[in-house]
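K.L.:
My file is coords_0.cif. It has mmCIF, C-alpha atoms:
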data_input
#
loop_
_atom_site.label_atom_id
_atom_site.label_comp_id
_atom_site.auth_asym_id
_atom_site.auth_seq_id
_atom_site.Cartn_x
_atom_site.Cartn_y
_atom_site.Cartn_z
CA MET A 1 14.43 -13.77 32.88
CA LYS A 2 15.03 -11.26 35.62
CA LEU A 3 13.94 -7.67 35.08
CA GLN A 4 16.80 -5.48 33.91
CA THR A 5 17.64 -2.34 35.89
CA GLN A 6 18.22 1.08 34.36
CA GLN A 7 21.97 0.75 34.98
CA GLN A 8 22.22 -2.51 33.08
CA LEU A 9 20.26 -1.00 30.23
CA LYS A 10 23.03 1.54 29.64
CA ALA A 11 25.68 -1.16 29.09
CA PRO A 12 27.25 -0.86 25.63
CA SER A 13 26.11 -4.37 24.66
CA ILE A 14 22.44 -3.34 25.11
CA SER A 15 20.42 -2.05 22.20
CA ASN A 16 16.79 -2.04 21.10
CA LEU A 17 15.41 -3.93 18.14
CA GLY A 18 12.98 -1.17 17.29
CA ARG A 19 11.74 2.36 17.87
CA HIS A 20 8.01 2.95 18.19
CA ILE A 21 6.78 6.52 17.86
CA LEU A 22 3.18 7.19 18.88
CA ALA A 23 2.02 10.57 17.67
CA GLU A 24 -1.08 12.71 18.16
CA PHE A 25 -1.73 15.29 15.44
CA TYR A 26 -4.14 18.09 16.34
CA ASN A 27 -5.94 20.77 14.35
CA CYS A 28 -5.18 19.03 11.07
CA ASN A 29 -6.70 19.76 7.68
CA SER A 30 -10.00 17.87 7.97
CA ASN A 31 -10.37 17.54 4.19
CA VAL A 32 -7.04 15.71 4.09
CA LEU A 33 -8.00 13.53 7.07
CA ASN A 34 -11.14 12.44 5.23
CA ASN A 35 -9.44 11.67 1.89
CA LEU A 36 -8.35 8.03 1.61
CA GLU A 37 -6.13 8.55 -1.43
CA LEU A 38 -4.28 11.47 0.15
CA ILE A 39 -3.82 9.63 3.43
CA GLU A 40 -2.60 6.49 1.68
CA THR A 41 -0.15 8.42 -0.50
CA SER A 42 1.12 10.41 2.48
CA MET A 43 1.70 7.28 4.54
CA VAL A 44 3.47 5.38 1.75
CA ASP A 45 5.62 8.42 0.98
CA ALA A 46 6.38 8.91 4.69
CA ALA A 47 7.63 5.33 4.79
CA THR A 48 9.89 5.89 1.81
CA GLU A 49 11.12 9.24 3.13
CA CYS A 50 12.21 7.70 6.42
CA GLY A 51 14.21 4.98 4.66
CA ALA A 52 11.72 2.10 4.93
CA THR A 53 10.85 -0.56 2.33
CA VAL A 54 7.11 -0.86 1.71
CA VAL A 55 5.88 -4.47 1.67
CA GLU A 56 2.07 -4.18 1.90
CA LYS A 57 -0.54 -1.48 2.41
CA ASN A 58 -4.17 -1.51 3.43
CA PHE A 59 -6.43 1.51 3.81
CA HIS A 60 -10.11 1.76 4.62
CA MET A 61 -12.67 4.56 4.43
CA PHE A 62 -15.26 4.63 7.19
CA ASN A 63 -18.85 5.83 7.05
CA PRO A 64 -19.71 8.65 7.57
CA TYR A 65 -16.07 9.80 7.78
CA GLY A 66 -12.58 8.78 8.85
CA VAL A 67 -9.72 6.78 7.39
CA SER A 68 -7.74 3.91 8.89
CA GLY A 69 -4.70 2.44 7.28
CA VAL A 70 -1.49 0.56 7.71
CA VAL A 71 1.71 0.30 5.69
CA ILE A 72 3.65 -2.85 6.50
CA ILE A 73 7.32 -2.24 5.94
CA SER A 74 10.30 -4.59 6.10
CA GLU A 75 11.17 -2.67 9.22
CA SER A 76 7.68 -3.14 10.90
CA HIS A 77 4.76 -0.74 10.24
CA LEU A 78 3.24 2.72 10.01
CA ALA A 79 -0.43 3.13 11.00
CA ILE A 80 -2.93 5.98 11.00
CA HIS A 81 -6.50 6.54 12.18
CA THR A 82 -8.20 9.85 11.47
CA TRP A 83 -11.08 11.71 13.07
CA PRO A 84 -11.85 14.46 10.53
CA GLU A 85 -14.68 15.76 12.69
CA TYR A 86 -12.14 16.70 15.36
CA GLY A 87 -9.18 17.49 13.10
CA TYR A 88 -7.32 14.74 14.95
CA ALA A 89 -5.16 11.85 13.77
CA ALA A 90 -3.56 9.08 15.82
CA VAL A 91 -0.41 7.77 14.17
CA ASP A 92 2.13 5.14 15.07
CA LEU A 93 5.48 4.58 13.42
CA PHE A 94 7.34 1.40 14.33
CA THR A 95 10.71 0.85 12.69
CA CYS A 96 13.58 -1.54 13.30
CA GLY A 97 17.22 -1.39 12.34
CA ASP A 98 19.43 1.57 11.54
CA SER A 99 18.30 2.35 8.01
CA CYS A 100 15.04 4.06 9.11
CA ASP A 101 14.36 7.07 11.24
CA PRO A 102 10.68 7.17 12.27
CA LEU A 103 11.01 10.82 13.26
CA VAL A 104 11.49 11.66 9.59
CA ALA A 105 8.09 10.06 8.92
CA TYR A 106 6.64 11.98 11.87
CA GLU A 107 7.78 15.34 10.51
CA TYR A 108 6.64 14.44 6.99
CA LEU A 109 3.14 13.51 8.13
CA LYS A 110 2.82 16.51 10.43
CA ASP A 111 3.35 18.64 7.34
CA LYS A 112 1.12 16.65 4.96
CA LEU A 113 -1.77 16.48 7.44
CA GLY A 114 -1.46 20.22 8.12
CA ALA A 115 -1.25 19.63 11.88
CA GLY A 116 -1.47 22.82 13.97
CA SER A 117 0.22 21.06 16.88
CA ALA A 118 1.52 17.62 17.72
CA ILE A 119 2.88 15.47 20.50
CA TYR A 120 4.71 12.18 20.35
CA THR A 121 6.12 9.58 22.65
CA GLU A 122 8.89 7.17 21.73
CA LEU A 123 9.14 3.63 23.07
CA GLN A 124 12.13 1.39 22.63
CA ARG A 125 10.92 -2.08 21.63
CA GLY A 126 12.74 -5.35 22.16
CA MET A 127 15.69 -4.60 24.42
CA PHE A 128 18.52 -6.79 23.13
CA ASP A 129 21.67 -7.96 24.87
CA GLY A 130 24.44 -8.44 22.34
CA LYS A 131 26.51 -10.44 24.81
CA THR A 132 23.92 -13.15 25.39
CA ASN A 133 22.16 -12.71 22.02
CA GLN A 134 18.81 -12.54 23.80
CA VAL A 135 15.88 -10.16 24.06
CA MET A 136 15.59 -9.15 27.71
CA VAL A 137 12.51 -8.71 29.84
CA SER A 138 12.70 -4.97 30.41
CA PRO A 139 10.46 -2.05 31.44
CA PHE A 140 9.60 0.23 28.53
CA GLN A 141 12.01 3.09 27.93
CA ILE A 142 9.61 5.95 27.18
CA LYS A 143 10.31 9.55 26.14
CA THR A 144 7.62 12.14 25.43
CA HIS A 145 8.11 15.18 23.20
CA ILE A 146 5.74 18.11 22.78
CA ASP A 147 5.92 20.14 19.57
CA MET B 1 -4.82 24.68 22.36
CA LYS B 2 -3.24 24.99 25.78
CA LEU B 3 -1.73 21.92 27.39
CA GLN B 4 -4.13 20.27 29.81
CA THR B 5 -3.02 19.64 33.39
CA GLN B 6 -3.47 16.36 35.25
CA GLN B 7 -6.27 17.93 37.34
CA GLN B 8 -8.28 18.95 34.30
CA LEU B 9 -7.86 15.48 32.85
CA LYS B 10 -9.79 13.98 35.74
CA ALA B 11 -12.88 16.13 35.07
CA PRO B 12 -15.94 13.97 34.34
CA SER B 13 -16.35 15.46 30.87
CA ILE B 14 -12.89 14.17 29.84
CA SER B 15 -12.52 10.80 28.16
CA ASN B 16 -10.15 9.19 25.67
CA LEU B 17 -11.09 8.16 22.15
CA GLY B 18 -8.90 5.07 22.29
CA ARG B 19 -6.76 2.71 24.31
CA HIS B 20 -3.41 1.63 22.87
CA ILE B 21 -1.75 -1.38 24.45
CA LEU B 22 1.88 -2.03 23.50
CA ALA B 23 3.00 -5.47 24.55
CA GLU B 24 6.27 -7.37 24.59
CA PHE B 25 5.96 -11.16 24.63
CA TYR B 26 9.09 -13.09 25.68
CA ASN B 27 10.10 -16.73 25.53
CA CYS B 28 7.31 -17.57 23.11
CA ASN B 29 6.90 -20.73 21.08
CA SER B 30 9.27 -20.03 18.17
CA ASN B 31 7.45 -22.44 15.86
CA VAL B 32 4.27 -20.44 16.35
CA LEU B 33 6.12 -17.14 15.85
CA ASN B 34 7.41 -18.38 12.50
CA ASN B 35 4.06 -19.70 11.22
CA LEU B 36 2.15 -17.10 9.19
CA GLU B 37 -1.16 -18.99 9.20
CA LEU B 38 -1.09 -19.49 12.97
CA ILE B 39 -0.16 -15.87 13.62
CA GLU B 40 -2.85 -14.58 11.26
CA THR B 41 -5.53 -16.81 12.80
CA SER B 42 -4.49 -15.86 16.31
CA MET B 43 -4.60 -12.16 15.55
CA VAL B 44 -7.98 -12.31 13.81
CA ASP B 45 -9.40 -14.40 16.64
CA ALA B 46 -7.90 -12.07 19.23
CA ALA B 47 -9.72 -9.21 17.53
CA THR B 48 -13.03 -11.07 17.62
CA GLU B 49 -12.51 -12.21 21.21
CA CYS B 50 -11.98 -8.64 22.41
CA GLY B 51 -15.19 -7.46 20.75
CA ALA B 52 -13.74 -5.87 17.62
CA THR B 53 -15.05 -6.00 14.04
CA VAL B 54 -12.45 -7.12 11.52
CA VAL B 55 -12.34 -4.94 8.39
CA GLU B 56 -9.07 -5.91 6.66
CA LYS B 57 -6.05 -8.07 7.33
CA ASN B 58 -2.57 -8.24 5.88
CA PHE B 59 0.19 -10.63 6.91
CA HIS B 60 3.66 -11.13 5.51
CA MET B 61 6.32 -13.83 5.95
CA PHE B 62 9.91 -12.62 5.98
CA ASN B 63 13.03 -14.42 4.82
CA PRO B 64 14.69 -16.24 6.54
CA TYR B 65 12.11 -16.01 9.36
CA GLY B 66 9.62 -13.74 11.08
CA VAL B 67 6.04 -12.65 10.52
CA SER B 68 4.56 -9.15 10.39
CA GLY B 69 0.88 -8.49 10.20
CA VAL B 70 -1.93 -6.12 10.89
CA VAL B 71 -5.66 -6.53 11.41
CA ILE B 72 -7.56 -3.33 10.73
CA ILE B 73 -10.69 -3.24 12.82
CA SER B 74 -13.58 -0.78 12.91
CA GLU B 75 -12.15 0.23 16.24
CA SER B 76 -8.54 0.84 14.90
CA HIS B 77 -5.94 -1.98 14.63
CA LEU B 78 -4.01 -4.91 16.04
CA ALA B 79 -0.40 -5.41 14.85
CA ILE B 80 2.30 -8.00 15.43
CA HIS B 81 5.96 -8.45 14.50
CA THR B 82 7.75 -11.64 15.47
CA TRP B 83 11.39 -12.55 15.98
CA PRO B 84 11.30 -16.36 16.16
CA GLU B 85 15.08 -16.49 16.61
CA TYR B 86 14.66 -14.72 19.96
CA GLY B 87 11.25 -16.09 20.95
CA TYR B 88 10.07 -12.47 21.00
CA ALA B 89 7.01 -10.73 19.60
CA ALA B 90 6.14 -7.04 19.63
CA VAL B 91 2.38 -6.49 19.60
CA ASP B 92 0.18 -3.44 19.62
CA LEU B 93 -3.53 -3.36 20.21
CA PHE B 94 -5.32 -0.08 19.51
CA THR B 95 -9.06 0.00 20.14
CA CYS B 96 -11.63 2.77 20.36
CA GLY B 97 -15.05 2.90 21.92
CA ASP B 98 -16.56 0.85 24.70
CA SER B 99 -17.34 -2.38 22.87
CA CYS B 100 -13.70 -3.60 22.82
CA ASP B 101 -11.30 -4.42 25.58
CA PRO B 102 -7.74 -4.67 24.17
CA LEU B 103 -6.60 -6.46 27.33
CA VAL B 104 -8.75 -9.42 26.31
CA ALA B 105 -6.74 -9.59 23.06
CA TYR B 106 -3.52 -9.26 25.07
CA GLU B 107 -4.36 -12.24 27.28
CA TYR B 108 -5.54 -14.28 24.30
CA LEU B 109 -2.33 -13.69 22.36
CA LYS B 110 -0.11 -14.30 25.37
CA ASP B 111 -1.68 -17.75 25.55
CA LYS B 112 -1.65 -18.52 21.79
CA LEU B 113 1.99 -17.43 21.37
CA GLY B 114 3.01 -19.48 24.42
CA ALA B 115 4.71 -16.48 26.02
CA GLY B 116 6.78 -17.33 29.11
CA SER B 117 6.56 -13.73 30.31
CA ALA B 118 5.13 -10.45 29.09
CA ILE B 119 4.99 -6.75 29.76
CA TYR B 120 2.64 -4.12 28.44
CA THR B 121 2.11 -0.43 28.59
CA GLU B 122 -1.21 1.30 27.98
CA LEU B 123 -1.54 4.72 26.39
CA GLN B 124 -4.73 6.71 26.24
CA ARG B 125 -5.13 8.15 22.74
CA GLY B 126 -7.13 11.22 21.77
CA MET B 127 -8.10 12.95 25.01
CA PHE B 128 -11.60 14.28 24.39
CA ASP B 129 -13.52 17.03 26.17
CA GLY B 130 -17.22 16.31 26.05
CA LYS B 131 -18.07 19.88 27.05
CA THR B 132 -16.31 21.55 24.12
CA ASN B 133 -16.58 18.53 21.79
CA GLN B 134 -12.87 18.79 20.99
CA VAL B 135 -9.79 16.61 21.16
CA MET B 136 -7.37 18.30 23.53
CA VAL B 137 -3.61 18.68 23.24
CA SER B 138 -2.56 16.54 26.16
CA PRO B 139 0.51 14.67 27.44
CA PHE B 140 0.20 10.90 27.07
CA GLN B 141 -1.36 9.08 30.01
CA ILE B 142 0.88 6.01 30.25
CA LYS B 143 0.60 2.98 32.58
CA THR B 144 3.03 0.04 32.51
CA HIS B 145 2.16 -3.46 33.72
CA ILE B 146 4.56 -6.36 34.21
CA ASP B 147 3.18 -9.90 34.05
#
Represent the structure from my file as structure tokens, please.
P.N.:
Amino acid sequence: MKLQTQQQLKAPSISNLGRHILAEFYNCNSNVLNNLELIETSMVDAATECGATVVEKNFHMFNPYGVSGVVIISESHLAIHTWPEYGYAAVDLFTCGDSCDPLVAYEYLKDKLGAGSAIYTELQRGMFDGKTNQVMVSPFQIKTHID
Amino acid sequence: MKLQTQQQLKAPSISNLGRHILAEFYNCNSNVLNNLELIETSMVDAATECGATVVEKNFHMFNPYGVSGVVIISESHLAIHTWPEYGYAAVDLFTCGDSCDPLVAYEYLKDKLGAGSAIYTELQRGMFDGKTNQVMVSPFQIKTHID
């Protein structure tokens, strides 16, 4: 497949299968970041808040500190990795379809983690041509937002 | 925390906690994309191949087709979502530390999925200042590579 140009990507028949938000949360509440139950609840609730359907979840507590976890949703996944020692959490929110808005999950988690500041970038995944019914080889469409 | 400039980011004391590869695989083998056992095995093996330690795994088959799954590793996670009807898979490979190279997992999966073409972008996660022992608020460092 040939690489699509920016102009072609703006054609009305072009859409993206998914939206992938990658977020960095800084100066968070370290006690929250090191609490598996709180992190798991926050992530599951963030999924529900943003309109997603939770399918599976898996969270793990590391030694001496830190939590990693993923919520698989019908619409893809939400993932988190925390560094309580730095007050930092790396989050990614990948949703597909129109029923979810990953930015709702982003705002929800920023609040629950007590983040002092945050930054996110949004990638469009799976550029789709409705005319040919195919996913196109396409450079990533990336937008960065600083809170 | 003030926003760090590009110049400051090149200081020797600056490093990143993790590397996050987001990959699009096109024209894959649709039978593989729709086979949960094959996808799960490929993802777990990709994790091992790239030097990661598998902690948990969770894979789900969707109706009528498509597989979603995540491998949580000590070093963060590998995730995949497949669209067999389009021969397309969205993958993300997030690793931390020096013992893993997520690009090894990328190449391994490109082969196992039978991808005709692929594109990936790499984000540096958690910019860390070794002098202050803090994670810095920093714009994403993003590099895109087209195979």
K.L.:
Give as a list in words every residue, naming chains and numbers as the document does, that has an atom within 8 Å of (3.3, -7.6, 23.0), counting all atoms listed in the file.
P.N.:
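Residues with an atom close enough to that point: Leu22, Ala23, Glu24, Phe25, Ile80, Ala89, Ala90, Val91, Asp92, Tyr106, Lys110, Ala118, Ile119 and Tyr120 of chain B.
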K.L.:
How would the residues just picked look written out with C-alpha atoms as an mmCIF file, keeping the file's coordinate frame?
P.N.:
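For reference, selection_31.cif as written:
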data_model
loop_
_atom_site.group_PDB
_atom_site.id
_atom_site.type_symbol
_atom_site.label_atom_id
_atom_site.label_comp_id
_atom_site.auth_asym_id
_atom_site.auth_seq_id
_atom_site.Cartn_x
_atom_site.Cartn_y
_atom_site.Cartn_z
ATOM 1 C CA LEU B 22 1.880 -2.030 23.500
ATOM 2 C CA ALA B 23 3.000 -5.470 24.550
ATOM 3 C CA GLU B 24 6.270 -7.370 24.590
ATOM 4 C CA PHE B 25 5.960 -11.160 24.630
ATOM 5 C CA ILE B 80 2.300 -8.000 15.430
ATOM 6 C CA ALA B 89 7.010 -10.730 19.600
ATOM 7 C CA ALA B 90 6.140 -7.040 19.630
ATOM 8 C CA VAL B 91 2.380 -6.490 19.600
ATOM 9 C CA ASP B 92 0.180 -3.440 19.620
ATOM 10 C CA TYR B 106 -3.520 -9.260 25.070
ATOM 11 C CA LYS B 110 -0.110 -14.300 25.370
ATOM 12 C CA ALA B 118 5.130 -10.450 29.090
ATOM 13 C CA ILE B 119 4.990 -6.750 29.760
ATOM 14 C CA TYR B 120 2.640 -4.120 28.440
#
K.L.:
Mind checking which residues fall within 10 Å of Ala52 of chain A, counting all atoms listed in the file, ignoring those fewer than 6 positions away in the same chain, and posting them as a PyMOL selection string?
P.N.:
chain A and resi 44-46+72-78+95-97+99-102+105
K.L.:
Give me the chain A side of the contact with chain B, cut-off 7 Å, one line per residue showing its nearest atom pair and distance in Å at one decimal, counting all atoms listed in the file, sorted by chain and residue number, as a Markdown table.
P.N.:
| residue | atom | partner | partner_atom | distance |
| --- | --- | --- | --- | --- |
| A:Tyr26 | CA | B:Val137 | CA | 6.9 |
| A:Ser68 | CA | B:Ser76 | CA | 6.8 |
| A:Ser76 | CA | B:His81 | CA | 6.6 |
| A:His81 | CA | B:Ser76 | CA | 6.6 |
| A:Tyr86 | CA | B:Gln134 | CA | 6.0 |
| A:Tyr88 | CA | B:Val135 | CA | 6.9 |
| A:Gln134 | CA | B:Tyr86 | CA | 6.1 |
| A:Val135 | CA | B:Tyr86 | CA | 6.3 |
| A:Val137 | CA | B:Tyr26 | CA | 6.9 |
K.L.:
Considering only C-alpha atoms, return as a ChimeraX atom specification whatever protein or nucleic-acid residues lie within 7 Å of Lys112 of chain A, sequence-local ones (same chain, fewer than 3 positions apart) excluded.
P.N.:
/A:42,108-109
K.L.:
Please report the interatomic distance between atom CA of Gly114 of chain B and atom CA of Val32 of chain B in Å with one decimal.
P.N.:
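Between these atoms lies a distance of 8.2 Å.
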K.L.:
Show which residues sit within 8 Å of Leu113 of chain A, as a list in words. Count all atoms listed in the file, and ignore same-chain residues fewer than 5 positions away.
P.N.:
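So, after excluding close chain neighbours, the residues are Cys28, Asn29, Val32 and Leu33 of chain A.
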K.L.:
Hey, can you check how far atom CA of Glu37 of chain B sits from atom CA of Gly66 of chain B?
P.N.:
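These two atoms are separated by 12.1 Å.
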K.L.:
Calculate how many Å separate atom CA of Met43 of chain A from atom CA of Met61 of chain A, rounding to one decimal.
P.N.:
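Distance reported for this atom pair: 14.6 Å.
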K.L.:
Put the listed atoms of segment 92-106 of chain B in a box along x, y and z with 6 Å added on every side and give me the centre and edge lengths in Å to one decimal, as JSON.
P.N.:
{"center_x": -8.6, "center_y": -3.3, "center_z": 23.4, "size_x": 29.5, "size_y": 24.5, "size_z": 19.8}
K.L.:
Considering only C-alpha atoms, state which residue in the set A:Tyr65, A:Ile14, A:Lys131, A:Gln141 is at the smallest distance from Leu36 of chain A.
P.N.:
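Of A:Tyr65, A:Ile14, A:Lys131, A:Gln141, the one nearest Leu36 of chain A, counting only C-alpha atoms, is A:Tyr65.
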K.L.:
Let me make sure I understand: among A:Arg19, A:Val54, A:Ser30, A:Asp147, which one has the smallest atom-to-atom distance to Asp98 of chain A if we use only C-alpha atoms?
P.N.:
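Looking at the shortest contact to Asp98 of chain A, the residue is A:Arg19.
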